[in-house]
file model.cif (mmCIF, C-alpha atoms)
data_data
loop_
_atom_site.label_atom_id
_atom_site.label_comp_id
_atom_site.auth_asym_id
_atom_site.auth_seq_id
_atom_site.Cartn_x
_atom_site.Cartn_y
_atom_site.Cartn_z
CA MET X 3 47.32 -136.16 -62.32
CA ASN X 4 50.74 -137.10 -63.66
CA ASP X 5 51.39 -137.84 -67.33
CA ALA X 6 51.29 -141.62 -66.92
CA ASP X 7 47.86 -141.35 -65.31
CA TRP X 8 46.72 -138.96 -67.99
CA LEU X 9 47.85 -141.36 -70.74
CA ALA X 10 46.10 -144.26 -68.98
CA ALA X 11 42.95 -142.15 -68.68
CA LEU X 12 43.18 -141.28 -72.38
CA ASP X 13 43.38 -144.95 -73.31
CA HIS X 14 40.40 -145.69 -71.10
CA GLU X 15 38.30 -142.81 -72.44
CA LEU X 16 39.07 -143.86 -76.02
CA THR X 17 37.95 -147.40 -75.15
CA LEU X 18 34.67 -146.01 -73.85
CA ARG X 19 34.18 -144.24 -77.15
CA GLY X 20 34.63 -147.40 -79.18
CA VAL X 21 38.03 -146.54 -80.66
CA SER X 22 39.80 -149.70 -81.84
CA ALA X 23 42.74 -151.09 -79.89
CA ALA X 24 45.18 -150.31 -82.70
CA GLU X 25 44.03 -146.71 -83.06
CA ARG X 26 44.08 -146.31 -79.30
CA ALA X 27 47.66 -147.55 -79.04
CA GLU X 28 48.71 -145.12 -81.78
CA ALA X 29 46.95 -142.16 -80.21
CA VAL X 30 48.48 -142.83 -76.81
CA LEU X 31 51.96 -143.38 -78.21
CA GLU X 32 51.70 -140.24 -80.30
CA ALA X 33 50.75 -138.19 -77.25
CA GLU X 34 53.53 -139.83 -75.27
CA THR X 35 56.11 -138.99 -77.94
CA HIS X 36 54.85 -135.43 -78.09
CA LEU X 37 55.29 -135.13 -74.33
CA ALA X 38 58.80 -136.59 -74.48
CA ASP X 39 59.73 -134.17 -77.30
CA THR X 40 58.34 -131.23 -75.37
CA GLY X 41 60.53 -132.11 -72.41
CA PRO X 42 59.95 -131.75 -68.68
CA GLY X 43 57.86 -128.91 -67.35
CA ALA X 44 54.90 -129.40 -69.66
CA ALA X 45 52.06 -131.48 -68.24
CA ALA X 46 49.92 -133.61 -70.55
CA ARG X 47 46.84 -131.83 -69.32
CA ASP X 48 48.24 -128.44 -70.33
CA LEU X 49 49.19 -129.60 -73.82
CA PHE X 50 46.17 -131.76 -74.58
CA GLY X 51 43.49 -130.66 -72.12
CA PRO X 52 41.44 -133.06 -69.98
CA ALA X 53 41.79 -136.67 -71.17
CA ASP X 54 38.05 -137.15 -71.70
CA ARG X 55 37.70 -134.06 -73.86
CA TYR X 56 40.75 -134.92 -75.91
CA ALA X 57 39.36 -138.44 -76.33
CA ASP X 58 36.08 -136.89 -77.53
CA ASP X 59 37.89 -134.84 -80.17
CA LEU X 60 40.03 -137.76 -81.33
CA ALA X 61 37.14 -140.22 -81.42
CA ARG X 62 35.02 -137.79 -83.39
CA ALA X 63 37.90 -137.15 -85.79
CA ALA X 64 38.39 -140.89 -86.23
CA GLY X 65 34.66 -141.54 -86.67
CA ALA X 66 34.61 -144.09 -83.85
CA PRO X 67 31.35 -145.95 -83.13
CA GLY X 68 30.97 -144.15 -79.80
CA HIS X 69 30.29 -141.08 -81.92
CA ARG X 70 28.08 -142.65 -84.53
CA ALA X 71 24.37 -142.58 -84.07
CA ALA X 72 23.14 -145.88 -82.69
CA PRO X 73 21.54 -148.04 -85.35
CA GLY X 74 17.76 -147.78 -85.23
CA VAL X 75 16.55 -151.21 -84.30
CA THR X 76 13.15 -152.06 -85.58
CA GLU X 77 13.54 -155.60 -86.90
CA ALA X 78 11.69 -157.60 -84.29
CA GLU X 79 13.76 -160.72 -84.70
CA THR X 80 17.07 -158.97 -84.01
CA CYS X 81 15.86 -157.53 -80.70
CA LEU X 82 16.68 -159.08 -77.36
CA LEU X 83 13.93 -157.08 -75.72
CA ARG X 84 11.05 -154.92 -76.85
CA ALA X 85 8.60 -152.88 -74.87
CA ASP X 86 5.64 -151.26 -76.63
CA SER X 87 3.83 -148.41 -74.90
CA VAL X 88 4.09 -149.94 -71.45
CA ALA X 89 2.49 -147.95 -68.65
CA LYS X 90 1.98 -148.52 -64.96
CA ALA X 91 0.04 -146.94 -62.10
CA TYR X 92 0.07 -147.73 -58.40
CA ARG X 93 -3.25 -147.20 -56.56
CA GLY X 94 -4.44 -144.99 -59.37
CA ARG X 95 -1.32 -142.85 -59.26
CA PRO X 96 0.62 -142.96 -62.56
CA ALA X 97 4.15 -144.28 -62.10
CA LEU X 98 5.18 -144.61 -65.74
CA ARG X 99 3.84 -142.88 -68.84
CA PRO X 100 3.49 -145.08 -71.94
CA SER X 101 7.08 -145.85 -72.96
CA SER X 102 8.66 -147.95 -75.69
CA LEU X 103 12.14 -149.23 -76.27
CA ALA X 104 14.04 -151.94 -78.08
CA VAL X 105 17.41 -153.46 -77.24
CA ALA X 106 19.57 -155.08 -79.91
CA PRO X 107 22.64 -157.26 -79.33
CA GLY X 108 25.59 -155.06 -78.49
CA GLN X 109 23.43 -152.10 -77.55
CA VAL X 110 23.41 -150.17 -74.28
CA VAL X 111 20.23 -148.18 -73.66
CA ALA X 112 20.32 -145.54 -70.94
CA LEU X 113 17.18 -144.60 -69.02
CA VAL X 114 17.33 -141.05 -67.73
CA GLY X 115 14.81 -138.72 -66.15
CA PRO X 116 14.00 -137.11 -62.81
CA ASN X 117 12.92 -139.00 -59.72
CA GLY X 118 9.35 -140.13 -60.17
CA ALA X 119 9.66 -140.54 -63.93
CA GLY X 120 9.41 -144.30 -63.60
CA LYS X 121 12.92 -145.51 -64.38
CA SER X 122 12.81 -148.22 -61.72
CA THR X 123 9.22 -149.09 -62.63
CA LEU X 124 10.11 -149.55 -66.28
CA LEU X 125 13.09 -151.73 -65.40
CA ARG X 126 10.91 -153.92 -63.17
CA LEU X 127 8.45 -154.31 -66.03
CA LEU X 128 11.28 -155.20 -68.42
CA ALA X 129 12.63 -157.74 -65.94
CA GLY X 130 9.19 -159.32 -65.63
CA LEU X 131 9.03 -158.59 -61.91
CA GLU X 132 5.74 -156.78 -62.50
CA GLN X 133 3.09 -156.70 -65.21
CA PRO X 134 2.27 -153.49 -67.11
CA ASP X 135 -1.24 -152.03 -66.93
CA ALA X 136 -1.05 -151.27 -70.63
CA GLY X 137 1.25 -152.18 -73.47
CA SER X 138 3.45 -155.26 -73.77
CA VAL X 139 6.93 -156.49 -72.99
CA ASP X 140 8.55 -159.02 -75.31
CA ARG X 141 11.72 -160.36 -73.71
CA ARG X 142 13.34 -163.12 -75.72
CA VAL X 143 16.37 -163.94 -73.60
CA ALA X 144 17.26 -164.46 -69.95
CA ALA X 145 18.10 -161.25 -68.13
CA GLY X 146 20.56 -160.47 -65.37
CA TRP X 147 19.13 -157.99 -62.90
CA VAL X 148 21.04 -155.39 -60.86
CA PRO X 149 18.62 -154.01 -58.26
CA GLN X 150 19.20 -150.64 -56.60
CA ALA X 151 19.24 -152.28 -53.18
CA GLY X 152 18.52 -155.61 -51.54
CA GLY X 153 18.77 -158.83 -53.46
CA LEU X 154 21.44 -160.20 -51.13
CA ASP X 155 21.29 -162.58 -48.18
CA PRO X 156 23.18 -160.91 -45.31
CA TYR X 157 24.25 -164.29 -43.87
CA LEU X 158 25.73 -165.75 -47.06
CA ARG X 159 29.22 -165.08 -48.31
CA PRO X 160 29.65 -163.60 -51.81
CA VAL X 161 31.11 -166.89 -53.05
CA GLU X 162 27.93 -168.67 -51.89
CA HIS X 163 25.78 -166.09 -53.66
CA VAL X 164 27.74 -166.68 -56.83
CA GLU X 165 27.24 -170.46 -56.56
CA LEU X 166 23.48 -170.06 -56.08
CA PHE X 167 23.05 -167.69 -59.00
CA GLY X 168 25.44 -169.62 -61.24
CA VAL X 169 23.81 -172.99 -60.58
CA ALA X 170 20.41 -171.41 -61.29
CA ARG X 171 21.78 -170.44 -64.71
CA GLY X 172 23.12 -173.91 -65.44
CA LEU X 173 26.75 -173.61 -64.31
CA SER X 174 28.50 -176.09 -62.04
CA ARG X 175 29.47 -174.72 -58.63
CA ALA X 176 33.13 -174.70 -59.62
CA ASP X 177 32.41 -172.87 -62.87
CA ALA X 178 30.20 -170.39 -61.05
CA ARG X 179 32.97 -169.66 -58.53
CA ARG X 180 35.50 -169.27 -61.33
CA GLU X 181 33.30 -166.97 -63.38
CA GLY X 182 32.26 -164.95 -60.33
CA GLY X 183 35.89 -164.49 -59.38
CA ARG X 184 36.75 -163.36 -62.91
CA LEU X 185 33.88 -160.84 -63.02
CA ALA X 186 34.78 -159.51 -59.56
CA ALA X 187 38.41 -159.10 -60.64
CA HIS X 188 37.20 -156.86 -63.48
CA LEU X 189 35.72 -154.65 -60.77
CA ALA X 190 39.00 -154.77 -58.78
CA TRP X 191 37.40 -156.86 -56.07
CA ASP X 192 38.59 -160.12 -54.48
CA LEU X 193 35.34 -162.00 -54.11
CA ALA X 194 36.74 -165.28 -52.78
CA GLY X 195 37.91 -163.87 -49.48
CA ALA X 196 34.99 -161.51 -48.86
CA PRO X 197 32.90 -161.79 -45.66
CA VAL X 198 29.15 -162.40 -45.52
CA ALA X 199 27.06 -159.93 -47.52
CA GLY X 200 25.71 -158.21 -44.39
CA ARG X 201 29.21 -157.03 -43.59
CA LEU X 202 30.04 -155.58 -47.03
CA SER X 203 30.23 -151.82 -47.58
CA GLY X 204 27.59 -150.28 -49.83
CA GLY X 205 29.96 -150.07 -52.77
CA THR X 206 31.16 -153.64 -52.40
CA ALA X 207 27.60 -154.95 -52.05
CA GLN X 208 26.88 -153.16 -55.31
CA LYS X 209 29.82 -154.94 -56.98
CA LEU X 210 28.36 -158.24 -55.76
CA ARG X 211 24.98 -157.37 -57.33
CA MET X 212 26.77 -156.70 -60.63
CA VAL X 213 28.66 -159.97 -60.48
CA LEU X 214 25.47 -161.89 -59.69
CA ALA X 215 23.67 -160.26 -62.60
CA LEU X 216 26.42 -161.27 -65.01
CA VAL X 217 27.39 -164.75 -63.79
CA GLY X 218 26.20 -167.37 -66.24
CA SER X 219 26.41 -164.84 -69.12
CA PRO X 220 22.79 -163.75 -69.58
CA ARG X 221 22.19 -162.09 -72.97
CA LEU X 222 20.56 -159.07 -71.36
CA LEU X 223 21.49 -156.91 -68.40
CA LEU X 224 18.95 -154.72 -66.62
CA ALA X 225 20.55 -152.39 -64.11
CA ASP X 226 18.83 -149.85 -61.84
CA GLU X 227 21.26 -147.08 -60.84
CA PRO X 228 24.01 -149.70 -60.85
CA TYR X 229 26.92 -147.57 -59.77
CA GLN X 230 25.41 -145.68 -56.90
CA GLY X 231 27.96 -145.72 -54.09
CA LEU X 232 30.84 -146.71 -56.36
CA ASP X 233 33.93 -144.53 -56.70
CA ALA X 234 35.05 -143.18 -60.07
CA ASP X 235 37.48 -146.02 -60.71
CA SER X 236 34.89 -148.70 -59.99
CA THR X 237 32.38 -146.88 -62.18
CA ARG X 238 34.84 -146.97 -65.07
CA ARG X 239 35.48 -150.62 -64.46
CA PHE X 240 31.75 -151.28 -64.46
CA TRP X 241 31.43 -149.62 -67.87
CA ASP X 242 34.44 -151.51 -69.24
CA LEU X 243 32.89 -154.76 -68.08
CA LEU X 244 29.48 -153.82 -69.46
CA TRP X 245 30.96 -152.91 -72.82
CA SER X 246 32.94 -156.12 -73.09
CA VAL X 247 29.78 -158.11 -72.30
CA CYS X 248 27.88 -156.16 -74.95
CA GLU X 249 30.67 -156.54 -77.50
CA ALA X 250 30.13 -160.26 -77.07
CA GLY X 251 26.51 -159.81 -78.15
CA ALA X 252 24.57 -158.98 -75.00
CA GLY X 253 22.35 -155.92 -74.61
CA ALA X 254 21.77 -153.71 -71.59
CA VAL X 255 19.35 -151.21 -70.13
CA VAL X 256 20.89 -148.97 -67.48
CA SER X 257 19.10 -146.29 -65.50
CA SER X 258 21.13 -143.47 -64.06
CA HIS X 259 21.18 -139.94 -62.72
CA ASP X 260 24.76 -139.59 -63.85
CA PRO X 261 25.03 -137.35 -66.93
CA GLN X 262 28.07 -139.36 -68.05
CA VAL X 263 25.71 -142.17 -68.95
CA LEU X 264 24.58 -140.01 -71.87
CA ARG X 265 27.86 -140.39 -73.69
CA ARG X 266 28.52 -143.94 -72.62
CA ALA X 267 25.27 -145.44 -73.82
CA ASP X 268 24.34 -146.04 -77.45
CA THR X 269 20.77 -144.87 -77.06
CA VAL X 270 19.10 -142.70 -74.47
CA LEU X 271 15.46 -142.93 -73.43
CA GLU X 272 14.39 -139.90 -71.43
CA LEU X 273 11.37 -140.44 -69.19
CA GLU X 274 9.19 -137.56 -68.06
CA PRO X 275 7.56 -137.32 -64.65
CA ALA X 276 4.53 -139.59 -64.71
CA ALA X 277 2.32 -137.81 -62.18
CA GLU X 278 1.46 -134.13 -61.75
CA GLY X 279 3.76 -132.62 -59.16
CA ALA X 280 6.01 -135.69 -59.04
CA ARG X 281 9.68 -134.90 -58.66
CA MET E 12 46.77 -114.45 -71.81
CA ASN E 13 46.65 -112.05 -68.86
CA ASP E 14 49.17 -109.45 -69.93
CA ASP E 15 50.07 -106.33 -68.04
CA ALA E 16 48.28 -103.26 -69.32
CA GLY E 17 50.08 -101.48 -72.15
CA ARG E 18 52.38 -104.37 -72.96
CA PRO E 19 51.49 -106.01 -76.26
CA ALA E 20 51.13 -109.76 -76.17
CA PRO E 21 54.23 -111.47 -77.58
CA PRO E 22 53.63 -113.14 -80.95
CA THR E 23 53.98 -116.58 -79.37
CA ALA E 24 50.92 -116.08 -77.16
CA PRO E 25 48.04 -115.18 -79.44
CA PRO E 26 44.85 -113.88 -77.83
CA GLU E 27 41.73 -116.06 -77.77
CA LEU E 28 40.41 -114.67 -81.01
CA SER E 29 43.36 -115.75 -83.15
CA ARG E 30 43.15 -119.19 -81.60
CA GLU E 31 39.63 -119.41 -83.00
CA TRP E 32 40.98 -118.37 -86.39
CA ILE E 33 43.74 -120.96 -86.23
CA ARG E 34 41.21 -123.69 -85.60
CA GLY E 35 39.54 -122.78 -88.88
CA VAL E 36 42.74 -122.86 -90.93
CA LEU E 37 44.70 -125.54 -89.07
CA GLU E 38 43.96 -128.33 -91.52
CA PRO E 39 44.98 -126.49 -94.72
CA CYS E 40 48.08 -125.21 -92.91
CA LEU E 41 49.02 -128.77 -91.94
CA LEU E 42 48.54 -129.87 -95.53
CA ALA E 43 50.85 -127.07 -96.64
CA LEU E 44 53.51 -128.12 -94.14
CA VAL E 45 53.49 -131.82 -95.02
CA ALA E 46 53.58 -130.84 -98.69
CA THR E 47 57.21 -129.79 -98.11
CA GLY E 48 58.16 -133.15 -96.65
CA ASP E 49 57.03 -135.92 -94.29
CA SER E 50 56.73 -134.73 -90.72
CA TYR E 51 55.42 -135.71 -87.29
CA GLY E 52 53.15 -133.94 -84.83
CA TYR E 53 55.67 -132.28 -82.59
CA GLU E 54 57.72 -131.00 -85.50
CA LEU E 55 54.58 -129.71 -87.26
CA ALA E 56 53.59 -127.85 -84.08
CA GLY E 57 57.01 -126.22 -84.00
CA ARG E 58 56.80 -125.22 -87.65
CA LEU E 59 53.34 -123.72 -87.16
CA GLY E 60 54.86 -121.72 -84.31
CA SER E 61 57.81 -120.47 -86.34
CA ALA E 62 55.44 -119.57 -89.18
CA GLY E 63 53.87 -117.10 -86.73
CA LEU E 64 50.69 -118.98 -85.88
CA GLY E 65 51.62 -119.23 -82.20
CA PRO E 66 51.76 -122.43 -80.19
CA VAL E 67 49.20 -124.97 -81.35
CA PRO E 68 48.40 -127.32 -78.46
CA GLY E 69 48.48 -131.06 -79.04
CA GLY E 70 44.83 -131.14 -78.11
CA SER E 71 43.99 -129.34 -81.37
CA LEU E 72 46.83 -130.69 -83.48
CA TYR E 73 46.29 -134.45 -83.35
CA PRO E 74 42.52 -134.44 -83.86
CA ALA E 75 43.16 -132.29 -86.97
CA LEU E 76 45.80 -134.74 -88.23
CA THR E 77 43.42 -137.62 -87.53
CA ARG E 78 40.68 -135.92 -89.56
CA LEU E 79 43.08 -135.35 -92.46
CA GLU E 80 44.13 -138.99 -92.35
CA LYS E 81 40.53 -140.24 -92.22
CA GLN E 82 39.72 -138.09 -95.25
CA GLY E 83 42.66 -139.64 -97.08
CA LEU E 84 44.41 -136.28 -97.47
CA VAL E 85 47.48 -137.51 -95.60
CA SER E 86 48.81 -141.00 -94.95
CA SER E 87 50.94 -142.02 -92.01
CA ARG E 88 53.63 -144.46 -91.03
CA TRP E 89 55.58 -145.12 -87.88
CA ARG E 90 59.33 -144.71 -87.88
CA ALA E 91 61.55 -145.80 -85.04
CA GLY E 92 63.09 -142.88 -83.16
CA ASP E 93 66.75 -142.89 -82.11
CA GLY E 94 66.47 -144.51 -78.71
CA GLY E 95 63.10 -142.91 -77.89
CA PRO E 96 59.65 -144.13 -78.88
CA GLY E 97 58.69 -144.26 -82.55
CA ARG E 98 57.22 -141.28 -84.33
CA LYS E 99 54.18 -141.15 -86.55
CA TYR E 100 55.11 -139.41 -89.80
CA TYR E 101 52.45 -137.86 -91.98
CA ARG E 102 52.74 -137.63 -95.75
CA LEU E 103 50.61 -135.71 -98.25
CA THR E 104 48.56 -137.94 -100.56
CA ALA E 105 47.53 -137.09 -104.11
CA ALA E 106 44.05 -136.22 -102.79
CA GLY E 107 45.72 -134.00 -100.20
CA ARG E 108 47.66 -132.21 -102.92
CA HIS E 109 44.43 -131.46 -104.83
CA GLN E 110 42.75 -130.29 -101.64
CA LEU E 111 45.69 -128.04 -100.81
CA ALA E 112 45.61 -126.38 -104.22
CA ALA E 113 41.86 -125.80 -103.94
CA ASP E 114 42.20 -124.47 -100.38
CA ALA E 115 44.99 -122.09 -101.37
CA GLU E 116 42.89 -120.64 -104.15
CA ARG E 117 39.77 -120.26 -102.00
CA TRP E 118 41.84 -118.80 -99.19
CA ASP E 119 43.20 -116.02 -101.41
CA SER E 120 39.76 -114.74 -102.30
CA PHE E 121 38.46 -115.21 -98.75
CA ALA E 122 41.44 -113.42 -97.19
CA ALA E 123 41.16 -110.59 -99.71
CA ALA E 124 37.48 -110.15 -98.87
CA VAL E 125 38.15 -110.08 -95.11
CA ALA E 126 41.13 -107.76 -95.52
CA GLY E 127 39.08 -105.41 -97.65
CA LEU E 128 36.36 -105.22 -95.00
CA LEU E 129 38.67 -104.78 -92.05
CA ARG E 130 40.94 -102.25 -93.69
CA GLY E 131 38.01 -100.26 -94.99
CA ALA E 132 36.61 -100.03 -91.45
CA ALA E 133 39.97 -99.18 -89.88
CA THR E 134 40.69 -96.24 -92.20
CA ARG E 135 37.19 -94.83 -92.09
#

call {"tool": "encode", "arguments": {"input": "model.cif", "output": "structure tokens"}}
result
Amino acid sequence: MNDADWLAALDHELTLRGVSAAERAEAVLEAETHLADTGPGAAARDLFGPADRYADDLARAAGAPGHRAAPGVTEAETCLLRADSVAKAYRGRPALRPSSLAVAPGQVVALVGPNGAGKSTLLRLLAGLEQPDAGSVDRRVAAGWVPQAGGLDPYLRPVEHVELFGVARGLSRADARREGGRLAAHLAWDLAGAPVAGRLSGGTAQKLRMVLALVGSPRLLLADEPYQGLDADSTRRFWDLLWSVCEAGAGAVVSSHDPQVLRRADTVLELEPAAEGAR
Amino acid sequence: MNDDAGRPAPPTAPPELSREWIRGVLEPCLLALVATGDSYGYELAGRLGSAGLGPVPGGSLYPALTRLEKQGLVSSRWRAGDGGPGRKYYRLTAAGRHQLAADAERWDSFAAAVAGLLRGAATR
């Protein structure tokens, strides 16, 4: 990684940690000056360490929100979504132990846990795709849904998907196309020229699912392993996009195996295996 | 770090242990340096080196400066460099001056206690 890349990575990592634009610019410029003063032969990584760890230290030193404990949300009226002790079993086999969570505007909740803990089940309950056996879900706003797989028509082009989803959320076709194109550009993808969904690679199909979840600006995003199959750059872009949506007042629940989600989310809900012997 | 056997490490490359020590005293040392005049990160790193503390990497230096600034012990302002990018200069605040005096006093008794222990053990 050359110094320019390292500095770009530092800026990005500081963004992820909620460091303000002004403080970010100063931190990057200060590192850049230090490198220039040191002269050639010294790599940024040698002087400052890995960009993400340096960003951790700086953000902690600056008291950035990414390093503050997430505010405990209990006030019912400020929540976008609440689930109280929801549980689910399939054919008598427990799929989800009683679980509770609340999502406030601006908040990203991460769902973590081993396979079989019920991450997908809980998300389906939150999305209203299924009913819980016990407990209750109180969802006050429309939700965008990023499924792990499926959800696409193999014979429709991405731009047609975007029109369908956008119109369903009250946009005109033209607005839907415009917004879809803008969201796709955030993920470094040119949606307008893309072929029918059946011919997209796994990673690109996943970008389309993200765009469809976000078109029409729902106040809540529910995403099941949303960046499976995406490369590191696309994953970063996904988080940048998610954070900008949440800064504008939306909330999100994201399930993931990726340990990085732990430091990118505001709150973490860890699910335990629901059934004996489940892995 | 990985020196040939028998050859003492040069003073500019302190072993791991002293690096741990430096982390503990970096902030008061930075206060002491900016007390003698406004300075910027790279220059402060050089002065820590010439004071015999070895090279302090930027990865430790700037978070420490950020902490000092957040605590109001130093303030900062950007000054244009000659031709190059601007530099962020740090200046001791009144609160920093108080902190420095208190640190210096506490350090004396702490260092004396450690020195007493270590020397006692070495001469036993």

call {"tool": "interface_residues", "arguments": {"input": "model.cif", "of": "chain E", "to": "chain X", "cutoff": "10 Å", "atoms": "only C-alpha atoms", "output": "ChimeraX atom specification"}}
result
/E:51-54,56,66-82,89,92,95-99

call {"tool": "residues_around", "arguments": {"input": "model.cif", "residues": "Leu42 (chain E)", "least_positions_apart": "6", "cutoff": "12 Å", "atoms": "all atoms listed in the file", "output": "number ranges by chain"}}
result
E: 36, 48-50, 55, 59, 75-76, 78-80, 83-86, 101-115

call {"tool": "resolve_selection", "arguments": {"input": "model.cif", "expression": "the PyMOL selection byres ((chain X and resi 149-157) around 12)", "output": "MDAnalysis selection string"}}
result
chainID X and resid 121:123 125:126 129 131 146:148 158:164 166:167 197:215 223:231 256:258

call {"tool": "closest_residue", "arguments": {"input": "model.cif", "among": "X:Ser138, X:Thr237, X:Thr269, X:Gln262", "to": "Leu113 (chain X)", "atoms": "only C-alpha atoms"}}
result
X:Thr269

call {"tool": "atom_distance", "arguments": {"input": "model.cif", "atom1": "CA of Leu189 (chain X)", "atom2": "CA of Leu128 (chain X)"}}
result
25.6 Å

call {"tool": "atom_distance", "arguments": {"input": "model.cif", "atom1": "CA of Arg141 (chain X)", "atom2": "CA of Ser87 (chain X)"}}
result
14.4 Å

call {"tool": "resolve_selection", "arguments": {"input": "model.cif", "expression": "the PyMOL selection byres ((chain X and resi 179) around 10)", "output": "PyMOL selection string"}}
result
chain X and resi 160-166+168-169+173-178+180-185+193-194+217

call {"tool": "atom_distance", "arguments": {"input": "model.cif", "atom1": "CA of Ser102 (chain X)", "atom2": "CA of Val139 (chain X)"}}
result
9.1 Å

call {"tool": "resolve_selection", "arguments": {"input": "model.cif", "expression": "the PyMOL selection byres ((chain X and resi 104-112) around 6)", "output": "ChimeraX atom specification"}}
result
/X:81-84,103,113,248-249,251-257,267-270

call {"tool": "residues_around", "arguments": {"input": "model.cif", "residues": "Ser236 (chain X)", "least_positions_apart": "4", "cutoff": "8 Å", "atoms": "only C-alpha atoms", "output": "list in words"}}
result
Leu189, Ala190, Leu232 and Phe240 of chain X

call {"tool": "axis_aligned_box", "arguments": {"input": "model.cif", "around": "region 123-140 of chain X", "padding_each_side": "8 Å", "output": "JSON"}}
result
{"center_x": 5.9, "center_y": -154.2, "center_z": -68.6, "size_x": 30.3, "size_y": 26.2, "size_z": 29.4}

call {"tool": "residues_near_point", "arguments": {"input": "model.cif", "point": "(-0.7, -142.2, -59.0)", "cutoff": "12 Å", "atoms": "all atoms listed in the file", "output": "MDAnalysis selection string"}}
result
chainID X and resid 89:99 118:120 275:280

call {"tool": "write_last_selection", "arguments": {"input": "model.cif", "atoms": "C-alpha atoms", "output": "tab-separated table (two decimals), in the frame of the given file"}}
result
chain	number	residue	atom	x	y	z
X	89	ALA	CA	2.49	-147.95	-68.65
X	90	LYS	CA	1.98	-148.52	-64.96
X	91	ALA	CA	0.04	-146.94	-62.10
X	92	TYR	CA	0.07	-147.73	-58.40
X	93	ARG	CA	-3.25	-147.20	-56.56
X	94	GLY	CA	-4.44	-144.99	-59.37
X	95	ARG	CA	-1.32	-142.85	-59.26
X	96	PRO	CA	0.62	-142.96	-62.56
X	97	ALA	CA	4.15	-144.28	-62.10
X	98	LEU	CA	5.18	-144.61	-65.74
X	99	ARG	CA	3.84	-142.88	-68.84
X	118	GLY	CA	9.35	-140.13	-60.17
X	119	ALA	CA	9.66	-140.54	-63.93
X	120	GLY	CA	9.41	-144.30	-63.60
X	275	PRO	CA	7.56	-137.32	-64.65
X	276	ALA	CA	4.53	-139.59	-64.71
X	277	ALA	CA	2.32	-137.81	-62.18
X	278	GLU	CA	1.46	-134.13	-61.75
X	279	GLY	CA	3.76	-132.62	-59.16
X	280	ALA	CA	6.01	-135.69	-59.04

call {"tool": "closest_residue", "arguments": {"input": "model.cif", "among": "X:Ala196, X:Arg26, X:Pro116, X:Gly20", "to": "Asp260 (chain X)", "atoms": "all atoms listed in the file"}}
result
X:Pro116

call {"tool": "build_atoms", "arguments": {"input": "model.cif", "residues": "region 125-137 of chain X", "atoms": "N, CA and C atoms", "output": "PDB file, in the frame of the given file"}}
result
ATOM      1  N   LEU X 125      12.141-150.619 -65.478  1.00  0.00           N
ATOM      2  CA  LEU X 125      13.090-151.730 -65.400  1.00  0.00           C
ATOM      3  C   LEU X 125      12.429-152.974 -64.785  1.00  0.00           C
ATOM      4  N   ARG X 126      11.582-152.767 -63.787  1.00  0.00           N
ATOM      5  CA  ARG X 126      10.910-153.920 -63.170  1.00  0.00           C
ATOM      6  C   ARG X 126       9.947-154.574 -64.150  1.00  0.00           C
ATOM      7  N   LEU X 127       9.328-153.752 -64.994  1.00  0.00           N
ATOM      8  CA  LEU X 127       8.450-154.310 -66.030  1.00  0.00           C
ATOM      9  C   LEU X 127       9.269-155.095 -67.043  1.00  0.00           C
ATOM     10  N   LEU X 128      10.419-154.530 -67.426  1.00  0.00           N
ATOM     11  CA  LEU X 128      11.280-155.200 -68.420  1.00  0.00           C
ATOM     12  C   LEU X 128      11.803-156.519 -67.860  1.00  0.00           C
ATOM     13  N   ALA X 129      12.086-156.527 -66.563  1.00  0.00           N
ATOM     14  CA  ALA X 129      12.630-157.740 -65.940  1.00  0.00           C
ATOM     15  C   ALA X 129      11.547-158.779 -65.713  1.00  0.00           C
ATOM     16  N   GLY X 130      10.264-158.377 -65.873  1.00  0.00           N
ATOM     17  CA  GLY X 130       9.190-159.320 -65.630  1.00  0.00           C
ATOM     18  C   GLY X 130       8.835-159.458 -64.155  1.00  0.00           C
ATOM     19  N   LEU X 131       9.346-158.547 -63.340  1.00  0.00           N
ATOM     20  CA  LEU X 131       9.030-158.590 -61.910  1.00  0.00           C
ATOM     21  C   LEU X 131       7.619-158.075 -61.650  1.00  0.00           C
ATOM     22  N   GLU X 132       7.113-157.263 -62.598  1.00  0.00           N
ATOM     23  CA  GLU X 132       5.740-156.780 -62.500  1.00  0.00           C
ATOM     24  C   GLU X 132       5.132-156.780 -63.887  1.00  0.00           C
ATOM     25  N   GLN X 133       3.786-156.736 -63.934  1.00  0.00           N
ATOM     26  CA  GLN X 133       3.090-156.700 -65.210  1.00  0.00           C
ATOM     27  C   GLN X 133       2.633-155.278 -65.520  1.00  0.00           C
ATOM     28  N   PRO X 134       2.742-154.844 -66.776  1.00  0.00           N
ATOM     29  CA  PRO X 134       2.270-153.490 -67.110  1.00  0.00           C
ATOM     30  C   PRO X 134       0.745-153.420 -67.107  1.00  0.00           C
ATOM     31  N   ASP X 135       0.204-152.238 -66.828  1.00  0.00           N
ATOM     32  CA  ASP X 135      -1.240-152.030 -66.930  1.00  0.00           C
ATOM     33  C   ASP X 135      -1.654-151.949 -68.394  1.00  0.00           C
ATOM     34  N   ALA X 136      -0.760-151.407 -69.201  1.00  0.00           N
ATOM     35  CA  ALA X 136      -1.050-151.270 -70.630  1.00  0.00           C
ATOM     36  C   ALA X 136       0.231-151.537 -71.393  1.00  0.00           C
ATOM     37  N   GLY X 137       0.081-151.907 -72.654  1.00  0.00           N
ATOM     38  CA  GLY X 137       1.250-152.180 -73.470  1.00  0.00           C
ATOM     39  C   GLY X 137       1.793-153.580 -73.223  1.00  0.00           C
TER      40      GLY X 137
END
